[in-house]
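S.K.: The file below is target_37.txt, compact mmCIF, C-alpha atoms and all ligand atoms:
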```txt
# COMPACT_ATOMS: atom_id res chain seq x y z
CA MET A 1 -8.05 -5.97 -31.10
CA ASN A 2 -10.91 -4.44 -29.14
CA GLU A 3 -10.18 -1.08 -27.63
CA SER A 4 -11.92 0.42 -24.67
CA THR A 5 -11.24 3.52 -22.66
CA PHE A 6 -11.14 3.44 -18.89
CA THR A 7 -12.52 6.58 -17.33
CA PRO A 8 -12.03 7.48 -13.69
CA GLY A 9 -14.98 6.47 -11.56
CA GLY A 10 -14.17 7.97 -8.17
CA GLY A 11 -11.52 7.58 -5.52
CA GLN A 12 -8.25 9.17 -6.47
CA ALA A 13 -8.51 10.72 -9.88
CA VAL A 14 -6.41 9.03 -12.47
CA THR A 15 -5.83 9.80 -16.08
CA PRO A 16 -8.18 7.80 -18.24
CA VAL A 17 -6.54 4.62 -19.26
CA ARG A 18 -6.60 3.24 -22.71
CA VAL A 19 -6.75 -0.50 -22.74
CA GLN A 20 -6.36 -2.78 -25.64
CA ARG A 21 -7.76 -6.23 -25.34
CA PRO A 22 -6.98 -8.99 -27.71
CA SER A 23 -10.48 -10.19 -28.57
CA SER A 24 -9.26 -13.74 -28.36
CA GLY A 25 -7.62 -13.05 -25.01
CA LEU A 26 -9.81 -15.34 -22.94
CA ASP A 27 -7.66 -18.11 -21.59
CA ALA A 28 -8.63 -21.30 -19.84
CA ALA A 29 -8.67 -19.62 -16.46
CA GLY A 30 -11.22 -17.05 -17.67
CA SER A 31 -8.72 -14.23 -17.66
CA VAL A 32 -8.30 -11.61 -20.30
CA SER A 33 -4.98 -10.06 -21.11
CA SER A 34 -4.85 -6.29 -21.29
CA VAL A 35 -2.20 -3.80 -22.10
CA GLY A 36 -2.80 -0.15 -21.45
CA SER A 37 -1.44 2.96 -19.92
CA ILE A 38 -1.98 5.35 -17.07
CA GLY A 39 -0.64 8.66 -18.28
CA GLN A 40 2.76 7.92 -19.74
CA ARG A 41 3.05 4.57 -18.02
CA THR A 42 2.14 1.41 -19.77
CA PHE A 43 1.18 -1.81 -18.11
CA ALA A 44 0.36 -5.34 -18.99
CA THR A 45 -2.01 -7.24 -16.79
CA ARG A 46 -4.57 -9.93 -16.82
CA GLN A 47 -8.03 -9.39 -15.51
CA ASP A 48 -10.23 -12.11 -14.20
CA THR A 49 -13.40 -11.79 -16.22
CA THR A 50 -15.41 -13.95 -13.88
CA HIS A 51 -15.57 -10.99 -11.50
CA MET A 52 -17.86 -8.10 -12.27
CA THR A 53 -15.39 -5.90 -10.51
CA THR A 54 -11.84 -6.63 -9.77
CA ALA A 55 -8.84 -5.32 -7.99
CA HIS A 56 -5.41 -6.00 -9.27
CA THR A 57 -1.89 -4.97 -8.77
CA MET A 58 0.09 -4.06 -11.78
CA LYS A 59 3.73 -3.58 -12.39
CA MET A 60 4.27 -0.60 -14.63
CA THR A 61 7.03 -0.83 -17.16
CA ASP A 62 8.97 1.89 -15.35
CA GLY A 63 8.98 -0.20 -12.19
CA LEU A 64 6.19 1.57 -10.26
CA HIS A 65 3.73 -0.81 -8.67
CA VAL A 66 0.11 0.20 -8.34
CA ASN A 67 -3.00 -1.44 -7.15
CA ALA A 68 -5.87 -0.53 -9.42
CA MET A 69 -9.52 -1.15 -8.90
CA ALA A 70 -11.27 -1.78 -12.16
CA GLY A 71 -15.01 -1.76 -11.78
CA ASN A 72 -16.78 -3.34 -14.68
CA GLU A 73 -20.40 -3.08 -13.75
CA SER A 74 -22.16 -4.02 -16.91
CA GLY A 75 -19.81 -6.93 -17.33
CA ARG A 76 -18.47 -5.33 -20.50
CA GLU A 77 -18.79 -1.65 -21.29
CA SER A 78 -18.26 0.53 -18.25
CA THR A 79 -14.83 -0.26 -16.95
CA HIS A 80 -13.33 2.41 -14.74
CA PHE A 81 -10.27 2.82 -12.74
CA ALA A 82 -11.81 3.88 -9.50
CA ALA A 83 -8.72 4.32 -7.40
CA TYR A 84 -5.15 3.35 -7.31
CA GLU A 85 -2.37 3.27 -4.82
CA GLU A 86 1.31 2.65 -5.01
CA VAL A 87 2.44 -0.55 -3.34
CA PRO A 88 5.91 -1.79 -2.43
CA GLU A 89 7.82 -3.90 -4.87
CA GLY A 90 7.12 -7.57 -4.50
CA HIS A 91 3.40 -7.04 -3.95
CA PHE A 92 2.40 -7.14 -7.55
CA TYR A 93 -0.38 -9.31 -8.80
CA ASP A 94 0.75 -12.47 -10.43
CA PRO A 95 -2.26 -14.29 -11.83
CA ASP A 96 -0.25 -17.45 -12.35
CA ALA A 97 0.95 -17.77 -8.79
CA GLU A 98 -0.94 -19.86 -6.29
CA TYR A 99 -2.13 -17.19 -3.96
CA GLU A 100 -2.88 -17.89 -0.35
CA PRO A 101 -3.60 -15.01 2.01
CA ASP A 102 -0.93 -13.77 4.33
CA PRO A 103 -0.11 -15.69 7.51
CA GLU A 104 -1.57 -13.00 9.76
CA TYR A 105 -5.01 -13.45 8.19
CA ALA A 106 -4.63 -17.22 8.08
CA ALA A 107 -3.81 -17.27 11.79
CA THR A 108 -7.17 -15.69 12.63
CA LEU A 109 -8.87 -18.77 11.21
CA ALA A 110 -7.20 -21.39 13.41
CA PRO A 111 -9.95 -23.38 15.13
CA ASP A 112 -7.68 -23.66 18.10
CA ALA A 113 -9.38 -22.89 21.37
CA ALA A 114 -6.27 -21.89 23.26
CA ARG A 115 -5.24 -19.41 20.62
CA GLN A 116 -8.74 -18.16 20.01
CA ARG A 117 -9.41 -17.54 23.68
CA ARG A 118 -6.63 -15.03 23.85
CA GLU A 119 -8.17 -11.79 22.78
CA ARG A 120 -7.12 -11.23 19.23
CA ILE A 121 -8.20 -8.69 16.68
CA GLY A 122 -9.83 -10.26 13.62
CA PRO A 123 -9.78 -8.89 10.09
CA THR A 124 -12.87 -6.78 10.77
CA GLY A 125 -10.92 -4.82 13.38
CA ARG A 126 -12.97 -6.22 16.26
CA PRO A 127 -11.81 -8.73 18.89
CA LEU A 128 -12.33 -12.18 17.48
CA PRO A 129 -14.64 -14.31 19.65
CA TYR A 130 -14.11 -18.01 20.12
CA PHE A 131 -16.46 -20.11 18.00
CA PRO A 132 -16.57 -23.58 19.52
CA ILE A 133 -16.57 -26.72 17.42
CA PRO A 134 -20.21 -27.80 17.55
CA GLY A 135 -21.13 -31.05 19.24
CA PRO A 136 -22.93 -33.88 17.45
CA LEU A 137 -26.71 -33.84 17.05
CA THR A 138 -28.85 -36.76 18.15
CA ASP A 139 -31.87 -35.79 16.07
CA HIS A 140 -32.42 -33.54 13.12
CA GLY A 141 -34.71 -30.71 12.02
CA PRO A 142 -36.69 -28.61 11.90
CA ALA A 143 -34.54 -26.77 9.41
CA THR A 144 -33.34 -23.21 9.67
CA ILE A 145 -33.64 -21.74 6.18
CA ILE A 146 -30.95 -19.33 5.05
CA ALA A 147 -31.17 -17.23 1.86
CA MET A 148 -27.80 -16.28 0.36
CA CYS A 149 -28.73 -13.01 -1.22
CA ASN A 150 -27.25 -10.05 -3.08
CA GLN A 151 -28.65 -8.73 -6.35
CA LYS A 152 -25.12 -8.13 -7.54
CA GLY A 153 -23.45 -10.98 -9.40
CA GLY A 154 -20.00 -12.30 -8.69
CA VAL A 155 -19.93 -11.49 -4.98
CA GLY A 156 -19.58 -15.08 -3.76
CA LYS A 157 -23.19 -16.21 -3.19
CA THR A 158 -22.80 -19.55 -4.92
CA THR A 159 -19.33 -20.16 -3.50
CA SER A 160 -20.61 -19.36 -0.01
CA THR A 161 -23.70 -21.56 -0.39
CA ILE A 162 -21.64 -24.59 -1.42
CA ASN A 163 -18.89 -24.14 1.13
CA LEU A 164 -20.96 -23.03 4.12
CA GLY A 165 -23.24 -25.98 3.35
CA ALA A 166 -20.33 -28.41 3.11
CA ALA A 167 -18.78 -27.10 6.33
CA LEU A 168 -22.09 -27.42 8.21
CA ALA A 169 -22.41 -30.96 6.83
CA GLU A 170 -18.89 -31.76 8.05
CA TYR A 171 -20.02 -30.72 11.52
CA GLY A 172 -22.76 -33.35 11.30
CA ARG A 173 -25.61 -31.04 10.30
CA ARG A 174 -28.01 -32.28 7.65
CA VAL A 175 -27.94 -29.76 4.86
CA LEU A 176 -30.08 -29.14 1.79
CA LEU A 177 -28.82 -26.68 -0.82
CA VAL A 178 -31.38 -25.08 -3.13
CA ASP A 179 -30.17 -23.80 -6.49
CA PHE A 180 -32.50 -20.87 -7.04
CA ASP A 181 -30.64 -19.30 -9.93
CA PRO A 182 -31.58 -20.35 -13.49
CA GLN A 183 -27.86 -20.18 -14.33
CA GLY A 184 -27.49 -23.39 -12.32
CA ALA A 185 -24.04 -22.41 -11.00
CA LEU A 186 -24.65 -24.13 -7.67
CA SER A 187 -25.51 -27.36 -9.47
CA VAL A 188 -22.41 -27.04 -11.67
CA GLY A 189 -20.28 -26.33 -8.60
CA LEU A 190 -21.41 -29.66 -7.20
CA GLY A 191 -20.57 -31.56 -10.34
CA VAL A 192 -24.09 -31.69 -11.81
CA ASN A 193 -24.70 -30.85 -15.47
CA PRO A 194 -27.89 -28.75 -15.37
CA MET A 195 -28.67 -29.33 -19.03
CA GLU A 196 -29.04 -33.05 -18.46
CA LEU A 197 -31.65 -32.74 -15.72
CA ASP A 198 -35.24 -33.76 -16.37
CA LEU A 199 -36.58 -32.55 -13.05
CA THR A 200 -35.44 -29.45 -11.25
CA VAL A 201 -36.64 -27.04 -8.60
CA TYR A 202 -38.78 -25.55 -11.38
CA ASN A 203 -40.96 -28.68 -11.47
CA LEU A 204 -41.20 -28.66 -7.70
CA LEU A 205 -42.46 -25.07 -7.78
CA MET A 206 -44.82 -25.26 -10.71
CA GLU A 207 -46.28 -28.76 -10.74
CA ARG A 208 -48.81 -29.67 -8.10
CA GLY A 209 -48.26 -33.10 -6.65
CA MET A 210 -44.54 -33.14 -7.52
CA SER A 211 -42.62 -34.52 -4.56
CA ALA A 212 -39.25 -33.15 -3.53
CA ASP A 213 -37.83 -36.67 -3.42
CA GLU A 214 -38.17 -36.88 -7.19
CA VAL A 215 -36.05 -33.77 -7.65
CA LEU A 216 -33.52 -34.19 -4.82
CA LEU A 217 -29.98 -35.24 -5.64
CA LYS A 218 -27.41 -36.59 -3.21
CA THR A 219 -24.08 -34.79 -3.40
CA ALA A 220 -20.64 -36.35 -2.91
CA VAL A 221 -20.58 -34.69 0.52
CA PRO A 222 -22.18 -36.88 3.20
CA ASN A 223 -25.17 -35.14 4.88
CA MET A 224 -25.62 -32.70 1.98
CA ASP A 225 -28.36 -32.86 -0.68
CA LEU A 226 -29.19 -30.59 -3.59
CA LEU A 227 -32.33 -29.31 -5.25
CA PRO A 228 -30.80 -28.52 -8.63
CA SER A 229 -31.94 -26.01 -11.19
CA ASN A 230 -31.36 -25.02 -14.78
CA ILE A 231 -32.61 -22.49 -17.28
CA ASP A 232 -36.20 -23.83 -16.89
CA LEU A 233 -36.39 -21.84 -13.67
CA SER A 234 -36.31 -18.58 -15.60
CA ALA A 235 -39.81 -19.41 -16.84
CA ALA A 236 -41.04 -19.64 -13.26
CA GLU A 237 -40.34 -15.96 -12.70
CA VAL A 238 -42.92 -15.17 -15.40
CA GLN A 239 -45.37 -17.95 -14.67
CA LEU A 240 -45.50 -17.28 -10.94
CA VAL A 241 -46.80 -13.77 -11.50
CA SER A 242 -50.31 -15.06 -12.11
CA GLU A 243 -50.29 -17.60 -9.25
CA VAL A 244 -52.18 -17.24 -6.01
CA ALA A 245 -49.78 -16.47 -3.13
CA ARG A 246 -47.00 -16.28 -5.67
CA GLU A 247 -44.42 -15.10 -3.12
CA SER A 248 -44.75 -18.18 -0.93
CA THR A 249 -44.49 -20.89 -3.56
CA LEU A 250 -40.98 -21.94 -2.51
CA GLN A 251 -41.96 -21.88 1.16
CA ARG A 252 -44.78 -24.35 0.43
CA ALA A 253 -42.49 -26.54 -1.64
CA LEU A 254 -39.89 -26.75 1.14
CA LYS A 255 -42.35 -27.41 3.97
CA PRO A 256 -42.34 -31.23 3.64
CA LEU A 257 -38.52 -31.20 3.80
CA MET A 258 -38.16 -29.14 6.97
CA SER A 259 -38.05 -32.08 9.35
CA ASP A 260 -35.31 -33.88 7.41
CA TYR A 261 -32.69 -31.14 7.54
CA ASP A 262 -30.98 -28.87 10.03
CA TYR A 263 -30.09 -26.20 7.47
CA ILE A 264 -31.54 -25.35 4.08
CA VAL A 265 -29.42 -22.82 2.19
CA ILE A 266 -30.92 -21.10 -0.86
CA ASP A 267 -28.53 -19.73 -3.49
CA CYS A 268 -30.40 -16.73 -4.92
CA GLN A 269 -30.07 -15.34 -8.41
CA PRO A 270 -28.52 -11.88 -8.87
CA SER A 271 -31.76 -9.90 -8.92
CA LEU A 272 -34.46 -8.76 -6.54
CA GLY A 273 -37.24 -10.28 -8.64
CA LEU A 274 -39.98 -12.71 -7.70
CA LEU A 275 -37.65 -15.70 -7.29
CA THR A 276 -35.54 -13.83 -4.74
CA VAL A 277 -38.68 -12.62 -2.96
CA ASN A 278 -39.77 -16.28 -2.79
CA ALA A 279 -36.43 -17.19 -1.21
CA LEU A 280 -36.75 -14.37 1.33
CA THR A 281 -40.32 -15.38 2.12
CA ALA A 282 -39.25 -18.96 2.78
CA ALA A 283 -36.18 -18.00 4.82
CA HIS A 284 -35.58 -17.44 8.52
CA LYS A 285 -32.28 -15.71 7.90
CA VAL A 286 -30.43 -13.87 5.18
CA ILE A 287 -26.71 -13.88 4.56
CA VAL A 288 -25.46 -11.08 2.32
CA PRO A 289 -22.05 -11.73 0.76
CA LEU A 290 -20.18 -8.53 -0.15
CA GLU A 291 -17.04 -8.52 -2.25
CA CYS A 292 -14.31 -6.38 -0.70
CA GLU A 293 -14.00 -3.93 -3.57
CA PHE A 294 -14.83 -0.38 -4.44
CA PHE A 295 -18.53 -0.76 -5.33
CA ALA A 296 -19.29 -3.22 -2.53
CA LEU A 297 -21.90 -1.07 -0.81
CA ARG A 298 -23.61 0.12 -3.93
CA GLY A 299 -27.06 -1.44 -4.12
CA VAL A 300 -27.03 -2.69 -0.53
CA ALA A 301 -29.62 -0.06 0.50
CA LEU A 302 -32.02 -1.43 -2.10
CA LEU A 303 -31.37 -4.94 -0.82
CA THR A 304 -32.03 -4.04 2.82
CA GLU A 305 -35.19 -2.21 1.73
CA THR A 306 -36.39 -5.36 -0.03
CA ILE A 307 -35.62 -7.44 3.05
CA GLU A 308 -37.60 -4.99 5.20
CA LYS A 309 -40.58 -5.07 2.83
CA VAL A 310 -40.62 -8.87 2.92
CA GLN A 311 -40.41 -8.71 6.73
CA GLU A 312 -43.37 -6.33 6.91
CA ARG A 313 -45.63 -7.92 4.35
CA LEU A 314 -44.77 -11.57 3.93
CA ASN A 315 -42.40 -13.00 6.52
CA PRO A 316 -42.12 -11.30 9.91
CA GLU A 317 -39.67 -13.99 11.08
CA LEU A 318 -37.04 -13.00 8.52
CA GLU A 319 -33.78 -11.66 9.97
CA LEU A 320 -30.52 -10.46 8.53
CA ASP A 321 -28.12 -13.00 10.02
CA GLY A 322 -25.02 -11.33 8.70
CA ILE A 323 -22.97 -9.57 6.09
CA LEU A 324 -20.16 -11.77 4.82
CA ALA A 325 -17.08 -10.04 3.45
CA THR A 326 -15.63 -12.10 0.60
CA MET A 327 -12.59 -11.93 -1.68
CA TYR A 328 -10.65 -10.07 0.96
CA ASP A 329 -6.99 -9.46 0.29
CA SER A 330 -5.37 -8.47 3.55
CA ARG A 331 -2.28 -7.30 1.70
CA THR A 332 -4.01 -4.42 -0.06
CA VAL A 333 -4.89 -1.20 1.70
CA HIS A 334 -7.96 -1.07 -0.50
CA SER A 335 -9.43 -4.35 0.75
CA ARG A 336 -8.83 -3.32 4.35
CA GLU A 337 -10.45 0.08 3.76
CA VAL A 338 -13.52 -1.41 2.13
CA LEU A 339 -13.89 -3.88 5.01
CA ALA A 340 -13.57 -1.04 7.54
CA ARG A 341 -16.31 0.85 5.70
CA VAL A 342 -18.58 -2.20 5.66
CA VAL A 343 -18.08 -2.63 9.44
CA GLU A 344 -18.79 1.08 9.94
CA ALA A 345 -22.07 0.70 8.04
CA PHE A 346 -23.28 -2.62 9.46
CA ASP A 347 -21.50 -2.99 12.76
CA ASP A 348 -22.25 -6.28 14.51
CA HIS A 349 -24.13 -7.57 11.50
CA VAL A 350 -20.77 -8.16 9.82
CA TYR A 351 -19.51 -11.68 10.47
CA HIS A 352 -16.16 -11.86 12.21
CA THR A 353 -15.26 -14.45 9.62
CA VAL A 354 -13.94 -12.91 6.43
CA ILE A 355 -13.32 -14.97 3.30
CA GLY A 356 -9.96 -14.28 1.69
CA ARG A 357 -9.39 -14.12 -2.04
CA THR A 358 -7.77 -17.24 -3.41
CA VAL A 359 -7.63 -18.95 -6.79
CA ARG A 360 -8.65 -22.12 -4.99
CA PHE A 361 -12.31 -21.08 -5.27
CA PRO A 362 -12.47 -20.80 -9.07
CA GLU A 363 -10.61 -24.12 -9.14
CA THR A 364 -13.28 -25.82 -7.05
CA THR A 365 -15.95 -24.87 -9.60
CA VAL A 366 -14.02 -26.72 -12.27
CA ALA A 367 -13.53 -29.66 -9.90
CA GLY A 368 -17.27 -29.67 -9.06
CA GLU A 369 -16.80 -29.98 -5.32
CA PRO A 370 -16.57 -27.80 -2.20
CA ILE A 371 -13.23 -26.44 -1.05
CA THR A 372 -13.61 -28.43 2.16
CA THR A 373 -13.00 -31.62 0.16
CA TYR A 374 -11.06 -30.25 -2.82
CA ALA A 375 -8.43 -28.51 -0.68
CA SER A 376 -9.34 -29.58 2.80
CA ASN A 377 -6.32 -28.00 4.49
CA SER A 378 -6.45 -24.71 2.62
CA VAL A 379 -7.06 -21.33 4.17
CA GLY A 380 -10.28 -21.08 2.13
CA ALA A 381 -11.62 -24.30 3.68
CA ALA A 382 -10.65 -23.03 7.16
CA ALA A 383 -12.52 -19.79 6.50
CA TYR A 384 -15.79 -21.51 5.59
CA ARG A 385 -15.46 -23.88 8.55
CA GLN A 386 -15.08 -20.85 10.79
CA LEU A 387 -18.11 -19.26 9.12
CA ALA A 388 -20.11 -22.43 9.82
CA ARG A 389 -19.08 -22.27 13.50
CA GLU A 390 -19.98 -18.59 13.63
CA VAL A 391 -23.38 -19.17 12.01
CA LEU A 392 -24.07 -22.03 14.47
CA ALA A 393 -22.96 -19.84 17.39
CA ARG A 394 -25.32 -17.04 16.25
CA CYS A 395 -28.20 -19.52 15.95
CA HIS A 396 -27.60 -20.88 19.44
CA ALA A 397 -27.13 -17.46 20.99
CA GLU A 398 -30.80 -16.69 20.35
N1 LIG A 401 -12.98 -15.84 -1.96
C1 LIG A 401 -12.82 -15.92 -3.27
N2 LIG A 401 -11.60 -15.75 -3.82
C2 LIG A 401 -11.42 -15.82 -5.15
N3 LIG A 401 -12.40 -16.08 -6.03
C3 LIG A 401 -13.64 -16.27 -5.55
C4 LIG A 401 -13.91 -16.20 -4.15
N4 LIG A 401 -15.24 -16.44 -3.97
C5 LIG A 401 -15.75 -16.63 -5.19
N5 LIG A 401 -14.80 -16.54 -6.14
C6 LIG A 401 -14.97 -16.66 -7.59
O1 LIG A 401 -15.65 -15.51 -8.04
C7 LIG A 401 -16.60 -15.85 -9.03
C8 LIG A 401 -17.98 -15.42 -8.57
O2 LIG A 401 -18.33 -16.13 -7.38
P1 LIG A 401 -19.79 -16.73 -7.17
O3 LIG A 401 -19.77 -17.46 -5.89
O4 LIG A 401 -20.21 -17.48 -8.38
O5 LIG A 401 -20.62 -15.40 -7.04
P2 LIG A 401 -22.20 -15.14 -7.20
O6 LIG A 401 -22.90 -16.43 -6.94
O7 LIG A 401 -22.51 -14.07 -6.21
O8 LIG A 401 -22.40 -14.66 -8.60
C9 LIG A 401 -16.47 -17.34 -9.24
O9 LIG A 401 -15.62 -17.55 -10.32
C10 LIG A 401 -15.83 -17.84 -7.96
O10 LIG A 401 -15.06 -18.99 -8.18
MG MG A 402 -24.28 -17.46 -8.17
```
Translate the structure described by the file into structure tokens.
Ligand SMILES: Nc1ncnc2c1ncn2[C@@H]1O[C@H](COP(=O)(O)OP(=O)(O)O)[C@@H](O)[C@H]1O
Ligand SMILES: [Mg+2]
M.R.:
Amino acid sequence: MNESTFTPGGGQAVTPVRVQRPSSGLDAAGSVSSVGSIGQRTFATRQDTTHMTTAHTMKMTDGLHVNAMAGNESGRESTHFAAYEEVPEGHFYDPDAEYEPDPEYAATLAPDAARQRRERIGPTGRPLPYFPIPGPLTDHGPATIIAMCNQKGGVGKTTSTINLGAALAEYGRRVLLVDFDPQGALSVGLGVNPMELDLTVYNLLMERGMSADEVLLKTAVPNMDLLPSNIDLSAAEVQLVSEVARESTLQRALKPLMSDYDYIVIDCQPSLGLLTVNALTAAHKVIVPLECEFFALRGVALLTETIEKVQERLNPELELDGILATMYDSRTVHSREVLARVVEAFDDHVYHTVIGRTVRFPETTVAGEPITTYASNSVGAAAYRQLAREVLARCHAE
């Protein structure tokens, strides 16, 4: 048994919690079982280890239900209970249950013009505009390049890249996804085994004369291609340092592809290093996914500073397209409060579309396909389709 001590990290003070983790507690779903206590109360819960930070609702043995926010920033050591709240019975977290968001949230996603035209309040607390279903295109390109960026891991960058891309492709847009994280999670999420690849985006960046066609892969989604990556890309971060115009290497590599696609979406790695600066230099727009949890806004100032520096020095065209709230659970006060705070801080930059938390997303990674095909009628698929319509509406509003 490993033992760790939870110490309060802010919010409402709680007694430090002692948690015992069976070291072999990882199950197939990537969850770890914990038992612990808050004061005299003991609880048993399972925590999804794929999230750097997580919110869960626990049923205490004496019947009290609490929602607890466990922030685990280093991925291992520094787990805190940041806040907790009592919730009514019946709202407790059941990791085994198929969880779909509540009907009120789901209803905001209906792509139904008649219902959307009536003024309704969306999850961000603002009236929800109508995002029309985009018409077909007769010709394609030049591409709008979007960087999906947040130096924090586990906020939904890769999930948003795959599913925004797939939804845009469904609407007849030609889409290229660029895996720009040496972890290769985007490639895995599209059913590609990164370890088996001979050529990746690394070769495209580092080898003169390499053509994108040699690296490009078709995905199972019509209209959507992939520039895959694997661990080789981590070498680029070091090797690029000594290159001339090192920040614009990706921009040069993508140039020949611009006329073939309507959207190029770059899945950035969780850092603000040279690879991410390359993505921002190549991009017209940035989307920043933020997980609706306690530490959501931490680090965002550094990110916006980096975006501003790139705007000033390297890419004056770069714009923040929007902040995307992800893993929203409309049934917890905490999620709603975090979202309200994000809207307070970023106002109209926050997309009206909010992505709810559902186990369907981790499932899609295992399936190696987007949610729009894996669970086409799910609330998660509806959310990314709405995001695609909102992104298209923002592009056309300019
Ligand atoms: N809306 C969501 N609801 C539930 N789980 C999600 C959601 N979005 C992403 N996830 C899961 O959270 C984990 C981290 O998401 P990911 O997209 O890989 O983040 P990042 O690329 O920012 O590290 C993955 O296991 C993913 O399946
Ligand atoms: Mg990722």
S.K.: Measuring between only C-alpha atoms and all ligand atoms, which one of A:Gly191, A:Pro103, A:Gly153, A:Pro134 shows the shortest distance to ligand LIG 401 (chain A)?
M.R.: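 When distances to ligand LIG 401 (chain A) are compared using only C-alpha atoms and all ligand atoms, the smallest one comes from A:Gly153.
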S.K.: Write out as a list of chain:residue names which residues come within 9 Å of A:Met327 when counting all atoms listed in the file, dropping same-chain ones fewer than 2 positions away.
M.R.: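 Selected residues are A:Val155, A:Gly156, A:Leu290, A:Glu291, A:Cys292, A:Glu293, A:Ala325, A:Asp329, A:Ser335, A:Val354, A:Ile355, A:Gly356, A:Arg357, A:Thr358.
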S.K.: Would you write out those residues with C-alpha atoms, as a compact mmCIF listing (two decimals), in the coordinates of the input?
M.R.:
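Heads up, here's the output in again-v7.txt:
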```
# COMPACT_ATOMS: atom_id res chain seq x y z
CA VAL A 155 -19.93 -11.49 -4.98
CA GLY A 156 -19.58 -15.08 -3.76
CA LEU A 290 -20.18 -8.53 -0.15
CA GLU A 291 -17.04 -8.52 -2.25
CA CYS A 292 -14.31 -6.38 -0.70
CA GLU A 293 -14.00 -3.93 -3.57
CA ALA A 325 -17.08 -10.04 3.45
CA ASP A 329 -6.99 -9.46 0.29
CA SER A 335 -9.43 -4.35 0.75
CA VAL A 354 -13.94 -12.91 6.43
CA ILE A 355 -13.32 -14.97 3.30
CA GLY A 356 -9.96 -14.28 1.69
CA ARG A 357 -9.39 -14.12 -2.04
CA THR A 358 -7.77 -17.24 -3.41
```
S.K.: I need the residue nearest ligand MG 402 (chain A) from this list: A:Ala253, A:Leu387, A:Cys149, A:Ala282. Use only C-alpha atoms and all ligand atoms for the distance.
M.R.: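 Looking at the shortest contact to ligand MG 402 (chain A), the residue is A:Cys149.
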S.K.: Find, counting all atoms listed in the file, the residue in A:Ile162, A:Ala382, A:Leu392, A:Met195 that gets nearest to A:Gly135.
M.R.: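 The shortest atom-to-atom distance to A:Gly135 comes from A:Leu392.
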S.K.: Compare A:Cys395, A:Val188, A:Leu176, A:Ala169 by their minimum atom-to-atom distance to ligand LIG 401 (chain A), counting only C-alpha atoms and all ligand atoms, and give me the closest one.
M.R.: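 That would be A:Val188, the residue with the smallest distance to ligand LIG 401 (chain A).
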S.K.: With ligand MG 402 (chain A) as the partner and 8 Å as the cut-off, tabulate the residues of chain A that qualify, each row holding the nearest pair of atoms and their distance in Å to one decimal, using all atoms listed in the file, sorted by chain and rising number, as CSV.
M.R.:
```
residue,atom,partner,partner_atom,distance
A:Gly153,CA,A:MG402,MG,6.6
A:Gly154,CA,A:MG402,MG,6.7
A:Gly156,CA,A:MG402,MG,6.9
A:Lys157,CA,A:MG402,MG,5.2
A:Thr158,CA,A:MG402,MG,4.1
A:Thr159,CA,A:MG402,MG,7.3
A:Asp181,CA,A:MG402,MG,6.9
A:Gln183,CA,A:MG402,MG,7.6
A:Gly184,CA,A:MG402,MG,7.9
A:Ala185,CA,A:MG402,MG,5.7
A:Leu186,CA,A:MG402,MG,6.7
A:Asp267,CA,A:MG402,MG,6.7
A:Cys268,CA,A:MG402,MG,7.0
A:Gln269,CA,A:MG402,MG,6.2
A:Pro270,CA,A:MG402,MG,7.0
```
S.K.: Please give the centre and size of the box around ligand LIG 401 (chain A) (axis-aligned, containing every atom listed in the file, 6 Å added per side), with values in Å to one decimal and written as JSON.
M.R.:
```
{"center_x": -17.2, "center_y": -16.5, "center_z": -6.1, "size_x": 23.5, "size_y": 16.9, "size_z": 20.4}
```
S.K.: So, counting only C-alpha atoms and all ligand atoms, which residue among A:Asp139, A:Glu305, A:Glu104, A:Glu363 is closest to ligand LIG 401 (chain A)?
M.R.: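 Among the listed residues, A:Glu363 lies closest to ligand LIG 401 (chain A).
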S.K.: Considering all atoms listed in the file, state which residue in the set A:Thr372, A:Thr326, A:Ser378, A:Ser187 is at the smallest distance from A:Leu226.
M.R.: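 Among A:Thr372, A:Thr326, A:Ser378, A:Ser187, it is A:Ser187 that comes nearest to A:Leu226.
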S.K.: Work out how far atom CA of A:Gln386 is from atom CA of A:Lys218, in Å to one decimal.
M.R.: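 Computed distance, atom CA of A:Lys218 to atom CA of A:Gln386, equals 24.4 Å.
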S.K.: I'd like the interatomic distance between atom CA of A:Ile121 and atom CA of A:Asp347, to a tenth of an Å.
M.R.: 15.0 Å
S.K.: Using all atoms listed in the file, determine which residues lie at most 8 Å from A:Ile266, disregarding the query and same-chain residues fewer than 4 positions distant; provide the list as a list in words.
M.R.: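 Selected residues are Ile145, Ile146, Ala147, Met148, Thr161, Leu177, Val178, Asp179, Phe180 and Ala279 of chain A.
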S.K.: Which value, in Å to one decimal, gives the distance between atom CA of A:Thr353 and atom CA of A:Ala383?
M.R.: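 Between atom CA of A:Thr353 and atom CA of A:Ala383 the gap is 6.8 Å.
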S.K.: Which residues, written as a list in words, have at least one atom at most 12 Å from A:Gln239, with all atoms listed in the file counted and residues fewer than 6 positions away on the same chain left out?
M.R.: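 Using all atoms listed in the file, the neighbours found are Tyr202, Leu205, Met206, Glu207, Asp232, Leu233, Arg246, Glu247, Thr249, Leu274 and Leu275 of chain A.
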S.K.: Write a file of the selected residues as a compact mmCIF listing (two decimals), keeping the file's coordinate frame, keeping C-alpha atoms.
M.R.:
```txt
# COMPACT_ATOMS: atom_id res chain seq x y z
CA TYR A 202 -38.78 -25.55 -11.38
CA LEU A 205 -42.46 -25.07 -7.78
CA MET A 206 -44.82 -25.26 -10.71
CA GLU A 207 -46.28 -28.76 -10.74
CA ASP A 232 -36.20 -23.83 -16.89
CA LEU A 233 -36.39 -21.84 -13.67
CA ARG A 246 -47.00 -16.28 -5.67
CA GLU A 247 -44.42 -15.10 -3.12
CA THR A 249 -44.49 -20.89 -3.56
CA LEU A 274 -39.98 -12.71 -7.70
CA LEU A 275 -37.65 -15.70 -7.29
```
